[in-house]
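Raw data-v9.csv, CSV, C-alpha atoms:
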chain,number,residue,atom,x,y,z
A,1,MET,CA,-1.1,26.5,-5.1
A,2,SER,CA,-1.7,26.1,-1.4
A,3,ASN,CA,-1.4,22.6,0.0
A,4,PRO,CA,-4.4,21.1,1.8
A,5,ALA,CA,-3.7,20.1,5.3
A,6,LEU,CA,-3.0,16.3,5.5
A,7,SER,CA,-6.1,14.5,6.7
A,8,SER,CA,-4.4,11.0,6.7
A,9,LEU,CA,-0.9,9.8,7.3
A,10,ALA,CA,-0.1,6.1,6.4
A,11,PHE,CA,2.9,4.0,5.6
A,12,LEU,CA,3.5,1.1,3.2
A,13,THR,CA,6.0,-1.6,4.1
A,14,PRO,CA,7.4,-4.3,1.9
A,15,GLY,CA,7.4,-6.9,4.7
A,16,ASN,CA,11.0,-8.1,4.2
A,17,PHE,CA,12.3,-11.3,5.7
A,18,ALA,CA,15.4,-13.4,5.4
A,19,ASP,CA,15.2,-16.5,3.1
A,20,GLY,CA,16.1,-18.9,6.0
A,21,ASP,CA,14.2,-17.1,8.7
A,22,PRO,CA,10.8,-15.7,7.5
A,23,ALA,CA,9.3,-15.8,11.0
A,24,THR,CA,11.6,-13.1,12.3
A,25,GLY,CA,11.0,-10.7,9.5
A,26,LEU,CA,7.2,-11.2,9.6
A,27,GLU,CA,7.2,-10.7,13.3
A,28,GLU,CA,9.1,-7.4,12.9
A,29,THR,CA,6.6,-6.2,10.3
A,30,LEU,CA,3.7,-7.0,12.7
A,31,ALA,CA,5.6,-5.1,15.4
A,32,LEU,CA,6.1,-2.2,13.0
A,33,PHE,CA,2.3,-2.0,12.6
A,34,GLU,CA,2.0,-1.8,16.3
A,35,TYR,CA,4.6,0.9,16.5
A,36,GLY,CA,2.9,2.9,13.8
A,37,GLU,CA,-0.4,2.7,15.7
A,38,ARG,CA,1.3,4.0,18.9
A,39,LEU,CA,2.8,6.9,17.0
A,40,GLY,CA,-0.7,7.9,15.8
A,41,TYR,CA,-0.5,6.9,12.1
A,42,ASP,CA,-3.9,6.6,10.4
A,43,GLY,CA,-3.0,3.6,8.2
A,44,ALA,CA,-0.5,0.7,7.8
A,45,TRP,CA,-0.3,-1.0,4.5
A,46,VAL,CA,1.6,-4.0,3.2
A,47,ARG,CA,2.7,-5.0,-0.3
A,48,GLN,CA,1.7,-8.4,-1.7
A,49,ARG,CA,4.7,-10.0,-3.4
A,50,HIS,CA,4.9,-13.4,-5.0
A,51,LEU,CA,8.1,-15.5,-5.3
A,52,GLU,CA,9.9,-12.8,-3.2
A,53,HIS,CA,11.0,-12.4,0.4
A,54,GLY,CA,7.8,-10.6,1.3
A,55,VAL,CA,4.1,-11.1,2.1
A,56,GLY,CA,2.5,-13.5,-0.4
A,57,SER,CA,-1.0,-13.2,1.1
A,58,ALA,CA,-1.9,-9.8,2.3
A,59,ALA,CA,-5.3,-11.0,3.6
A,60,VAL,CA,-3.6,-13.6,5.9
A,61,PHE,CA,-1.0,-11.1,7.1
A,62,LEU,CA,-3.6,-8.4,7.9
A,63,ALA,CA,-5.8,-10.9,9.7
A,64,ALA,CA,-2.8,-11.4,12.0
A,65,ALA,CA,-2.2,-7.6,12.2
A,66,SER,CA,-5.8,-7.1,13.2
A,67,GLN,CA,-5.2,-9.0,16.4
A,68,ARG,CA,-2.1,-6.9,17.2
A,69,THR,CA,-3.7,-3.5,16.6
A,70,GLU,CA,-6.9,-1.8,17.6
A,71,ARG,CA,-7.4,1.4,15.6
A,72,ILE,CA,-5.2,1.8,12.6
A,73,GLU,CA,-6.4,1.2,9.1
A,74,LEU,CA,-5.0,-2.0,7.5
A,75,GLY,CA,-4.3,-1.9,3.8
A,76,THR,CA,-3.2,-4.0,0.9
A,77,ALA,CA,-1.1,-2.3,-1.8
A,78,VAL,CA,-1.6,-3.9,-4.0
A,79,ILE,CA,-3.0,-7.4,-4.7
A,80,PRO,CA,-2.2,-8.4,-8.4
A,81,ILE,CA,-5.7,-9.6,-9.4
A,82,GLY,CA,-4.5,-11.9,-12.2
A,83,TYR,CA,-3.4,-14.5,-9.7
A,84,GLU,CA,-6.6,-14.5,-7.7
A,85,ASN,CA,-10.0,-16.3,-7.7
A,86,PRO,CA,-12.4,-13.4,-7.2
A,87,PHE,CA,-14.8,-15.3,-4.9
A,88,ARG,CA,-12.1,-17.0,-2.7
A,89,LEU,CA,-10.2,-13.7,-2.4
A,90,ALA,CA,-13.4,-11.9,-1.4
A,91,GLU,CA,-13.9,-14.5,1.3
A,92,ASP,CA,-10.4,-14.1,2.7
A,93,LEU,CA,-10.7,-10.3,2.6
A,94,SER,CA,-14.1,-10.3,4.2
A,95,LEU,CA,-13.0,-12.6,7.0
A,96,ALA,CA,-9.9,-10.4,7.7
A,97,ASP,CA,-12.1,-7.3,7.7
A,98,VAL,CA,-14.5,-8.8,10.3
A,99,LEU,CA,-11.6,-9.8,12.5
A,100,SER,CA,-10.2,-6.2,12.3
A,101,GLY,CA,-13.5,-4.6,13.2
A,102,GLY,CA,-14.0,-3.1,9.8
A,103,ARG,CA,-10.6,-1.5,9.3
A,104,LEU,CA,-9.5,-3.2,6.1
A,105,GLN,CA,-8.6,-1.1,3.0
A,106,ALA,CA,-8.2,-3.5,0.0
A,107,GLY,CA,-6.0,-2.3,-2.9
A,108,PHE,CA,-5.7,-4.0,-6.3
A,109,SER,CA,-3.8,-3.9,-9.5
A,110,THR,CA,-4.0,-5.7,-12.8
A,111,GLY,CA,-0.3,-6.3,-13.2
A,112,MET,CA,1.1,-9.9,-13.0
A,113,PRO,CA,4.7,-9.8,-11.8
A,114,HIS,CA,6.6,-12.9,-12.8
A,115,ALA,CA,3.8,-14.0,-15.1
A,116,ASP,CA,6.2,-16.1,-17.2
A,117,LEU,CA,6.9,-18.3,-14.1
A,118,LEU,CA,3.5,-18.2,-12.3
A,119,GLY,CA,0.9,-18.0,-15.0
A,120,ASP,CA,0.9,-21.7,-15.8
A,121,VAL,CA,1.3,-22.6,-12.1
A,122,VAL,CA,-1.8,-20.6,-11.0
A,123,HIS,CA,-4.1,-21.2,-13.9
A,124,ASP,CA,-5.3,-24.2,-15.8
A,125,GLY,CA,-5.5,-23.8,-19.6
A,126,ASP,CA,-4.2,-20.8,-21.6
A,127,TRP,CA,-4.4,-18.0,-19.0
A,128,ARG,CA,-3.4,-15.5,-21.6
A,129,GLU,CA,-6.9,-15.7,-23.0
A,130,TYR,CA,-8.6,-15.1,-19.7
A,131,ASP,CA,-9.9,-11.8,-18.4
A,132,LEU,CA,-7.3,-11.0,-15.8
A,133,SER,CA,-7.9,-7.3,-15.8
A,134,TYR,CA,-10.5,-4.8,-14.6
A,135,GLY,CA,-13.4,-7.3,-14.8
A,136,ARG,CA,-11.8,-9.6,-12.3
A,137,ILE,CA,-11.6,-6.7,-9.7
A,138,ALA,CA,-15.2,-5.8,-10.4
A,139,ARG,CA,-16.1,-9.4,-9.6
A,140,VAL,CA,-14.4,-9.2,-6.2
A,141,VAL,CA,-16.3,-6.0,-5.4
A,142,GLU,CA,-19.6,-7.6,-6.5
A,143,HIS,CA,-19.0,-10.6,-4.2
A,144,LEU,CA,-18.2,-8.2,-1.3
A,145,ARG,CA,-21.5,-6.5,-1.8
A,146,GLY,CA,-23.1,-9.7,-0.7
A,147,ASP,CA,-25.7,-10.4,-3.5
A,148,TYR,CA,-27.4,-13.7,-2.9
A,149,LEU,CA,-26.7,-16.6,-5.3
A,150,GLY,CA,-29.4,-18.4,-7.1
A,151,ASP,CA,-33.0,-17.3,-7.3
A,152,PRO,CA,-35.1,-16.0,-4.3
A,153,ASP,CA,-36.0,-19.6,-3.3
A,154,THR,CA,-32.5,-21.0,-3.3
A,155,VAL,CA,-31.3,-22.1,0.1
A,156,ILE,CA,-28.4,-24.2,1.4
A,157,HIS,CA,-28.6,-26.6,4.3
A,158,SER,CA,-25.8,-26.8,6.8
A,159,PRO,CA,-25.6,-28.3,10.3
A,160,GLY,CA,-27.9,-26.3,12.5
A,161,ASN,CA,-29.5,-23.9,9.9
A,162,VAL,CA,-30.9,-23.2,6.5
A,163,GLN,CA,-29.9,-20.0,4.8
A,164,ARG,CA,-29.8,-18.1,1.5
A,165,PRO,CA,-26.3,-18.5,0.0
A,166,ARG,CA,-24.0,-15.5,-0.3
A,167,LEU,CA,-20.4,-14.7,0.6
A,168,GLN,CA,-19.7,-15.3,4.3
A,169,PRO,CA,-18.9,-13.6,6.6
A,170,HIS,CA,-20.6,-10.6,5.1
A,171,ASN,CA,-19.5,-7.1,6.0
A,172,PRO,CA,-21.1,-4.8,3.5
A,173,GLY,CA,-18.9,-1.8,4.4
A,174,LEU,CA,-15.8,-3.4,2.9
A,175,ALA,CA,-17.1,-3.0,-0.7
A,176,ASP,CA,-16.8,0.8,-0.1
A,177,ARG,CA,-13.2,0.5,1.0
A,178,ILE,CA,-11.7,-0.8,-2.2
A,179,TRP,CA,-8.7,1.0,-3.9
A,180,TYR,CA,-7.1,0.7,-7.2
A,181,GLY,CA,-3.3,1.2,-7.8
A,182,GLY,CA,-3.5,3.2,-11.1
A,183,GLY,CA,-0.5,4.0,-13.2
A,184,SER,CA,-2.2,5.1,-16.5
A,185,ARG,CA,-5.0,7.5,-17.3
A,186,ARG,CA,-7.1,4.6,-18.5
A,187,SER,CA,-6.8,2.8,-15.2
A,188,ALA,CA,-7.5,5.9,-13.2
A,189,ARG,CA,-10.6,6.6,-15.3
A,190,TRP,CA,-11.9,3.0,-14.8
A,191,ALA,CA,-11.4,3.2,-11.1
A,192,GLY,CA,-13.3,6.5,-11.0
A,193,ARG,CA,-16.2,5.1,-12.9
A,194,GLN,CA,-16.4,2.2,-10.5
A,195,GLY,CA,-16.3,4.6,-7.5
A,196,LEU,CA,-13.0,3.1,-6.3
A,197,SER,CA,-10.5,5.0,-4.3
A,198,LEU,CA,-7.2,5.7,-6.1
A,199,LEU,CA,-3.6,4.9,-5.0
A,200,THR,CA,-0.9,6.7,-6.9
A,201,GLY,CA,2.7,6.3,-6.0
A,202,ASN,CA,6.1,7.0,-7.3
A,203,ILE,CA,5.6,5.1,-10.6
A,204,VAL,CA,3.3,6.3,-13.4
A,205,THR,CA,3.1,5.8,-17.2
A,206,GLY,CA,4.4,8.6,-19.3
A,207,GLU,CA,1.5,9.5,-21.7
A,208,ASP,CA,2.2,12.6,-23.8
A,209,THR,CA,4.8,13.8,-21.2
A,210,ASP,CA,8.2,13.0,-19.8
A,211,ASP,CA,7.4,14.8,-16.6
A,212,VAL,CA,6.3,12.6,-13.7
A,213,ALA,CA,4.3,15.4,-11.9
A,214,THR,CA,2.4,16.2,-15.1
A,215,ALA,CA,1.6,12.5,-15.7
A,216,GLN,CA,0.4,12.1,-12.1
A,217,ARG,CA,-1.8,15.2,-12.1
A,218,ASN,CA,-3.4,13.8,-15.3
A,219,LEU,CA,-4.2,10.6,-13.4
A,220,LEU,CA,-5.9,12.6,-10.6
A,221,ASP,CA,-7.9,14.6,-13.2
A,222,GLU,CA,-9.1,11.5,-15.0
A,223,HIS,CA,-10.1,9.9,-11.7
A,224,ARG,CA,-12.0,12.9,-10.4
A,225,ARG,CA,-13.9,13.5,-13.7
A,226,ALA,CA,-15.0,9.8,-13.8
A,227,LEU,CA,-16.3,9.6,-10.2
A,228,PRO,CA,-20.1,9.2,-9.8
A,229,GLU,CA,-21.7,12.3,-8.3
A,230,GLY,CA,-21.6,12.2,-4.6
A,231,SER,CA,-18.9,9.6,-4.5
A,232,SER,CA,-16.9,9.2,-1.2
A,233,ALA,CA,-13.8,7.7,-3.0
A,234,ARG,CA,-10.4,8.8,-1.6
A,235,VAL,CA,-7.1,9.5,-3.2
A,236,ALA,CA,-3.7,8.7,-1.5
A,237,LEU,CA,-0.3,9.8,-2.8
A,238,GLY,CA,2.7,7.6,-2.2
A,239,ARG,CA,6.2,8.9,-1.9
A,240,VAL,CA,9.5,7.3,-0.7
A,241,ILE,CA,10.5,9.6,2.1
A,242,VAL,CA,13.6,9.0,4.2
A,243,PRO,CA,14.5,11.6,6.8
A,244,LEU,CA,18.1,11.8,8.1
A,245,ASP,CA,17.5,13.6,11.4
A,246,GLY,CA,17.3,10.6,13.7
A,247,ALA,CA,19.8,8.4,11.8
A,248,ASP,CA,23.4,7.9,12.8
A,249,ALA,CA,26.2,8.6,10.4
A,250,ALA,CA,26.2,5.1,9.0
A,251,GLY,CA,22.5,5.2,8.5
A,252,ARG,CA,22.6,8.6,6.7
A,253,ALA,CA,25.3,7.2,4.3
A,254,ARG,CA,23.2,4.1,3.7
A,255,TYR,CA,20.1,6.2,3.0
A,256,ARG,CA,21.8,8.5,0.5
A,257,ALA,CA,23.4,5.5,-1.3
A,258,TYR,CA,20.0,3.9,-1.6
A,259,ALA,CA,18.5,7.0,-3.2
A,260,GLU,CA,21.6,7.5,-5.5
A,261,SER,CA,21.3,3.9,-6.7
A,262,ARG,CA,17.8,4.6,-7.9
A,263,HIS,CA,18.3,8.1,-9.3
A,264,ALA,CA,19.2,7.2,-12.9
A,265,ARG,CA,15.7,5.8,-13.5
A,266,THR,CA,14.1,9.1,-12.7
A,267,LEU,CA,16.0,11.0,-15.5
A,268,ALA,CA,14.0,9.6,-18.5
A,269,PRO,CA,11.0,7.3,-19.4
A,270,GLN,CA,11.9,3.7,-18.9
A,271,GLY,CA,11.0,0.8,-21.2
A,272,PRO,CA,8.3,0.4,-23.9
A,273,ARG,CA,5.5,1.6,-21.6
A,274,ARG,CA,7.5,4.8,-20.9
A,275,THR,CA,7.4,4.3,-17.1
A,276,LEU,CA,8.2,7.4,-15.1
A,277,PHE,CA,9.7,7.3,-11.6
A,278,ALA,CA,9.5,10.1,-9.0
A,279,PRO,CA,12.8,10.7,-7.1
A,280,ASP,CA,13.1,9.4,-3.6
A,281,ILE,CA,13.0,12.2,-1.0
A,282,VAL,CA,16.0,11.9,1.2
A,283,GLY,CA,17.2,14.7,3.5
A,284,THR,CA,16.6,16.6,6.7
A,285,ALA,CA,13.0,17.2,7.9
A,286,ASP,CA,13.2,20.8,6.7
A,287,GLU,CA,14.4,19.8,3.3
A,288,ILE,CA,11.7,17.2,3.0
A,289,VAL,CA,9.0,19.6,4.0
A,290,GLU,CA,10.3,22.1,1.4
A,291,ARG,CA,10.3,19.5,-1.4
A,292,LEU,CA,6.8,18.1,-0.5
A,293,THR,CA,5.2,21.6,-0.4
A,294,ALA,CA,6.8,22.4,-3.8
A,295,ASP,CA,5.4,19.1,-5.3
A,296,PRO,CA,2.5,20.0,-7.5
A,297,VAL,CA,0.9,16.6,-7.0
A,298,PHE,CA,1.1,16.7,-3.2
A,299,GLY,CA,-0.7,20.0,-3.4
A,300,GLU,CA,-3.8,18.3,-4.7
A,301,VAL,CA,-4.2,15.5,-2.2
A,302,ALA,CA,-4.9,15.3,1.5
A,303,GLU,CA,-3.7,11.7,2.1
A,304,LEU,CA,0.0,10.8,2.2
A,305,ARG,CA,1.3,7.3,2.2
A,306,LEU,CA,4.9,6.9,3.2
A,307,GLU,CA,6.5,4.2,1.1
A,308,LEU,CA,9.2,2.5,3.1
A,309,PRO,CA,12.3,1.3,1.1
A,310,TYR,CA,12.9,-2.3,0.3
A,311,GLU,CA,15.4,-4.3,2.4
A,312,PHE,CA,15.9,-1.9,5.2
A,313,HIS,CA,16.0,-3.0,8.9
A,314,ARG,CA,13.5,-2.7,11.6
A,315,GLU,CA,15.3,0.0,13.5
A,316,GLU,CA,15.7,2.0,10.3
A,317,TYR,CA,12.0,1.7,9.5
A,318,GLU,CA,11.1,2.8,13.1
A,319,GLN,CA,13.4,5.8,12.8
A,320,ILE,CA,11.8,6.9,9.5
A,321,LEU,CA,8.3,6.5,10.9
A,322,HIS,CA,9.2,8.4,14.1
A,323,ASP,CA,10.9,11.3,12.2
A,324,VAL,CA,8.1,11.7,9.7
A,325,ARG,CA,5.4,11.6,12.4
A,326,HIS,CA,7.1,14.1,14.7
A,327,LEU,CA,9.2,16.4,12.4
A,328,ILE,CA,7.5,16.4,9.0
A,329,ALA,CA,3.8,15.6,9.1
A,330,PRO,CA,2.9,18.3,11.6
A,331,GLU,CA,4.6,20.9,9.4
A,332,LEU,CA,2.2,19.7,6.6
A,333,GLY,CA,-0.9,20.3,8.8
A,334,TRP,CA,-1.4,16.7,9.9
A,335,ARG,CA,-2.6,15.9,13.4
A,336,PRO,CA,-3.2,12.5,15.0
A,337,ALA,CA,-6.7,11.5,15.9
A,338,PRO,CA,-7.8,12.7,19.3
A,339,GLY,CA,-6.2,10.6,22.0
A,340,GLN,CA,-3.8,8.8,19.6
A,341,GLY,CA,-0.1,9.2,18.9
A,342,GLU,CA,1.0,10.7,22.2
A,343,GLU,CA,4.0,13.0,22.0
A,344,GLY,CA,5.8,10.8,24.5
A,345,VAL,CA,6.4,7.9,22.2
A,346,ALA,CA,10.1,7.4,22.2
A,347,PRO,CA,12.3,7.1,19.1
A,348,PRO,CA,13.8,3.7,18.4
A,349,SER,CA,16.2,2.9,21.2
A,350,GLU,CA,18.3,0.4,19.2
A,351,LEU,CA,20.2,1.8,16.2
A,352,VAL,CA,21.4,-0.5,13.6
A,353,SER,CA,25.2,-0.6,13.3
A,354,LEU,CA,27.0,-0.3,10.0
A,355,SER,CA,28.7,-3.7,10.5
A,356,ASP,CA,25.3,-5.3,10.9
A,357,VAL,CA,23.9,-3.7,7.8
A,358,ARG,CA,26.9,-5.0,5.8
A,359,ALA,CA,26.4,-8.4,7.3
A,360,GLY,CA,22.8,-8.5,6.2
A,361,GLY,CA,21.4,-9.0,9.7
A,362,HIS,CA,18.2,-7.8,11.2
A,363,GLY,CA,19.4,-4.8,13.1
A,364,LYS,CA,21.1,-6.0,16.3
A,365,PRO,CA,21.7,-3.2,18.7
A,366,ALA,CA,25.0,-1.4,18.4
A,367,PRO,CA,27.2,-1.7,21.4

How would this structure read if it were set down as structure tokens?
Amino acid sequence: MSNPALSSLAFLTPGNFADGDPATGLEETLALFEYGERLGYDGAWVRQRHLEHGVGSAAVFLAAASQRTERIELGTAVIPIGYENPFRLAEDLSLADVLSGGRLQAGFSTGMPHADLLGDVVHDGDWREYDLSYGRIARVVEHLRGDYLGDPDTVIHSPGNVQRPRLQPHNPGLADRIWYGGGSRRSARWAGRQGLSLLTGNIVTGEDTDDVATAQRNLLDEHRRALPEGSSARVALGRVIVPLDGADAAGRARYRAYAESRHARTLAPQGPRRTLFAPDIVGTADEIVERLTADPVFGEVAELRLELPYEFHREEYEQILHDVRHLIAPELGWRPAPGQGEEGVAPPSELVSLSDVRAGGHGKPAP
């Protein structure tokens, strides 16, 4: 199978920060969005993580990122819908989208990480009986479409004006930029029927197969078959990609150790849901290009989302972004938008030292 040329290159960051110093980590993540835009990346995405050292509100973070960038798409991957009030979330996302000039890409999932701790904190009553699944996402999309509340004669009075009530600010284009992070064929089929774009990463559910590529291709097939005729929905493939070319010796060793620590989970389905994990792709640029072009799932998509590893340092993230942009993506047919991502953008000037990595610091420059 011949691979389609990449039309979009994006990255997803976990937004790490230290427990006692969240401001530094969040600032470094904002700076990473700026760096990605300068390199010419098409999208910058952030995970939403609760109770962890990461971004707890993607809408708030991306509102800040919108003021630090001008062109790059700003994505959430993904917001666990079970913890959200659909109307209030739609308000936050719509406001962030207006501030960004219409660049928001909102991704959702139905999972509820840490539900045993958070369920009773977030919800009143027995939340286990609530619809915290697909219907809740559909309600967010419905609010974003901006239907008026009440009957045609219903108005609200506020200082200075009288208006028909609906979600404000209203930017109708955001409803067409909604993504679903699907791991099962059922979820991919639902997303397709709703006309939502599909995010599929390195984790899928093993349904009738132990092979992650087969399971992921089945997701793509389900989504495409379910899409309404003429739909403009997109599909993005996520992969953990860590090039060694621009790293120093300590960095290369750290990268390989990271991948090795996660390799066992890729050998067989995990847990009662038979979760399948794609291996991390660590190697030289030539080795990575070879592995991606041989990936049967990569051959069916035109959008690649680089999933950055957890708990790495700013300089390491910058090196990964720089190497992928300059050494890997062009070999896969990707080109930056005209006038973007000049070839002169320098690689990270400060390399993290092995001693700093061991100390758990934030990447002070090596002497």

For this session: Would you please work out which residue, of A:Glu73, A:Ala65, A:Val235, A:Ala191, is nearest to Thr110 in chain A when using all atoms listed in the file?
Result: A:Ala191

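The smallest atom-to-atom distance between Ser94 in chain A and any of A:Gly146, A:Gly82, A:Ala253, A:Met112, using all atoms listed in the file, is found for A:Gly146.
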
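You will find CA of Ile328 in chain A at 20.4 Å from CA of Glu34 in chain A.
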
For this session: Would you mind reading off the distance between CA of Val204 in chain A and CA of Gly182 in chain A, one decimal, in Å?
Result: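 Value for the CA of Val204 in chain A-CA of Gly182 in chain A distance: 7.8 Å.
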
Problem set entry | Separation of CA of Leu199 in chain A from CA of Ser187 in chain A in Å |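 Between CA of Ser187 in chain A and CA of Leu199 in chain A the gap works out to 10.9 Å.
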
Model the absent atoms of range 155-169 of chain A so that N, CA, C and O atoms are present, and write the result as an mmCIF file, in the frame of the given file.
data_model
loop_
_atom_site.group_PDB
_atom_site.id
_atom_site.type_symbol
_atom_site.label_atom_id
_atom_site.label_comp_id
_atom_site.auth_asym_id
_atom_site.auth_seq_id
_atom_site.Cartn_x
_atom_site.Cartn_y
_atom_site.Cartn_z
ATOM 1 N N VAL A 155 -31.818 -22.041 -1.251
ATOM 2 C CA VAL A 155 -31.300 -22.100 0.100
ATOM 3 C C VAL A 155 -30.222 -23.206 0.145
ATOM 4 O O VAL A 155 -30.183 -24.089 -0.712
ATOM 5 N N ILE A 156 -29.359 -23.125 1.136
ATOM 6 C CA ILE A 156 -28.400 -24.200 1.400
ATOM 7 C C ILE A 156 -28.651 -24.699 2.823
ATOM 8 O O ILE A 156 -29.073 -23.942 3.709
ATOM 9 N N HIS A 157 -28.398 -25.994 3.009
ATOM 10 C CA HIS A 157 -28.600 -26.600 4.300
ATOM 11 C C HIS A 157 -27.217 -26.917 4.905
ATOM 12 O O HIS A 157 -26.379 -27.543 4.264
ATOM 13 N N SER A 158 -26.996 -26.458 6.104
ATOM 14 C CA SER A 158 -25.800 -26.800 6.800
ATOM 15 C C SER A 158 -26.143 -27.188 8.224
ATOM 16 O O SER A 158 -27.286 -26.973 8.655
ATOM 17 N N PRO A 159 -25.225 -27.819 8.953
ATOM 18 C CA PRO A 159 -25.600 -28.300 10.300
ATOM 19 C C PRO A 159 -26.123 -27.107 11.147
ATOM 20 O O PRO A 159 -25.436 -26.119 11.386
ATOM 21 N N GLY A 160 -27.342 -27.230 11.549
ATOM 22 C CA GLY A 160 -27.900 -26.300 12.500
ATOM 23 C C GLY A 160 -28.719 -25.155 11.837
ATOM 24 O O GLY A 160 -29.412 -24.424 12.558
ATOM 25 N N ASN A 161 -28.654 -24.966 10.505
ATOM 26 C CA ASN A 161 -29.500 -23.900 9.900
ATOM 27 C C ASN A 161 -29.705 -24.081 8.449
ATOM 28 O O ASN A 161 -29.080 -24.923 7.799
ATOM 29 N N VAL A 162 -30.634 -23.267 7.963
ATOM 30 C CA VAL A 162 -30.900 -23.200 6.500
ATOM 31 C C VAL A 162 -30.826 -21.699 6.179
ATOM 32 O O VAL A 162 -31.363 -20.836 6.893
ATOM 33 N N GLN A 163 -30.109 -21.383 5.100
ATOM 34 C CA GLN A 163 -29.900 -20.000 4.800
ATOM 35 C C GLN A 163 -29.795 -19.759 3.288
ATOM 36 O O GLN A 163 -29.511 -20.683 2.536
ATOM 37 N N ARG A 164 -30.050 -18.522 2.889
ATOM 38 C CA ARG A 164 -29.800 -18.100 1.500
ATOM 39 C C ARG A 164 -28.318 -17.988 1.283
ATOM 40 O O ARG A 164 -27.617 -17.445 2.138
ATOM 41 N N PRO A 165 -27.795 -18.460 0.164
ATOM 42 C CA PRO A 165 -26.300 -18.500 0.000
ATOM 43 C C PRO A 165 -25.792 -17.132 -0.537
ATOM 44 O O PRO A 165 -26.294 -16.539 -1.489
ATOM 45 N N ARG A 166 -24.767 -16.669 0.147
ATOM 46 C CA ARG A 166 -24.000 -15.500 -0.300
ATOM 47 C C ARG A 166 -22.628 -15.594 0.408
ATOM 48 O O ARG A 166 -22.433 -16.401 1.319
ATOM 49 N N LEU A 167 -21.707 -14.742 0.017
ATOM 50 C CA LEU A 167 -20.400 -14.700 0.600
ATOM 51 C C LEU A 167 -20.511 -14.535 2.133
ATOM 52 O O LEU A 167 -21.252 -13.674 2.597
ATOM 53 N N GLN A 168 -19.754 -15.341 2.855
ATOM 54 C CA GLN A 168 -19.700 -15.300 4.300
ATOM 55 C C GLN A 168 -18.290 -15.248 4.810
ATOM 56 O O GLN A 168 -17.450 -15.928 4.227
ATOM 57 N N PRO A 169 -17.979 -14.536 5.887
ATOM 58 C CA PRO A 169 -18.900 -13.600 6.600
ATOM 59 C C PRO A 169 -19.090 -12.357 5.713
ATOM 60 O O PRO A 169 -18.221 -11.962 4.935
#
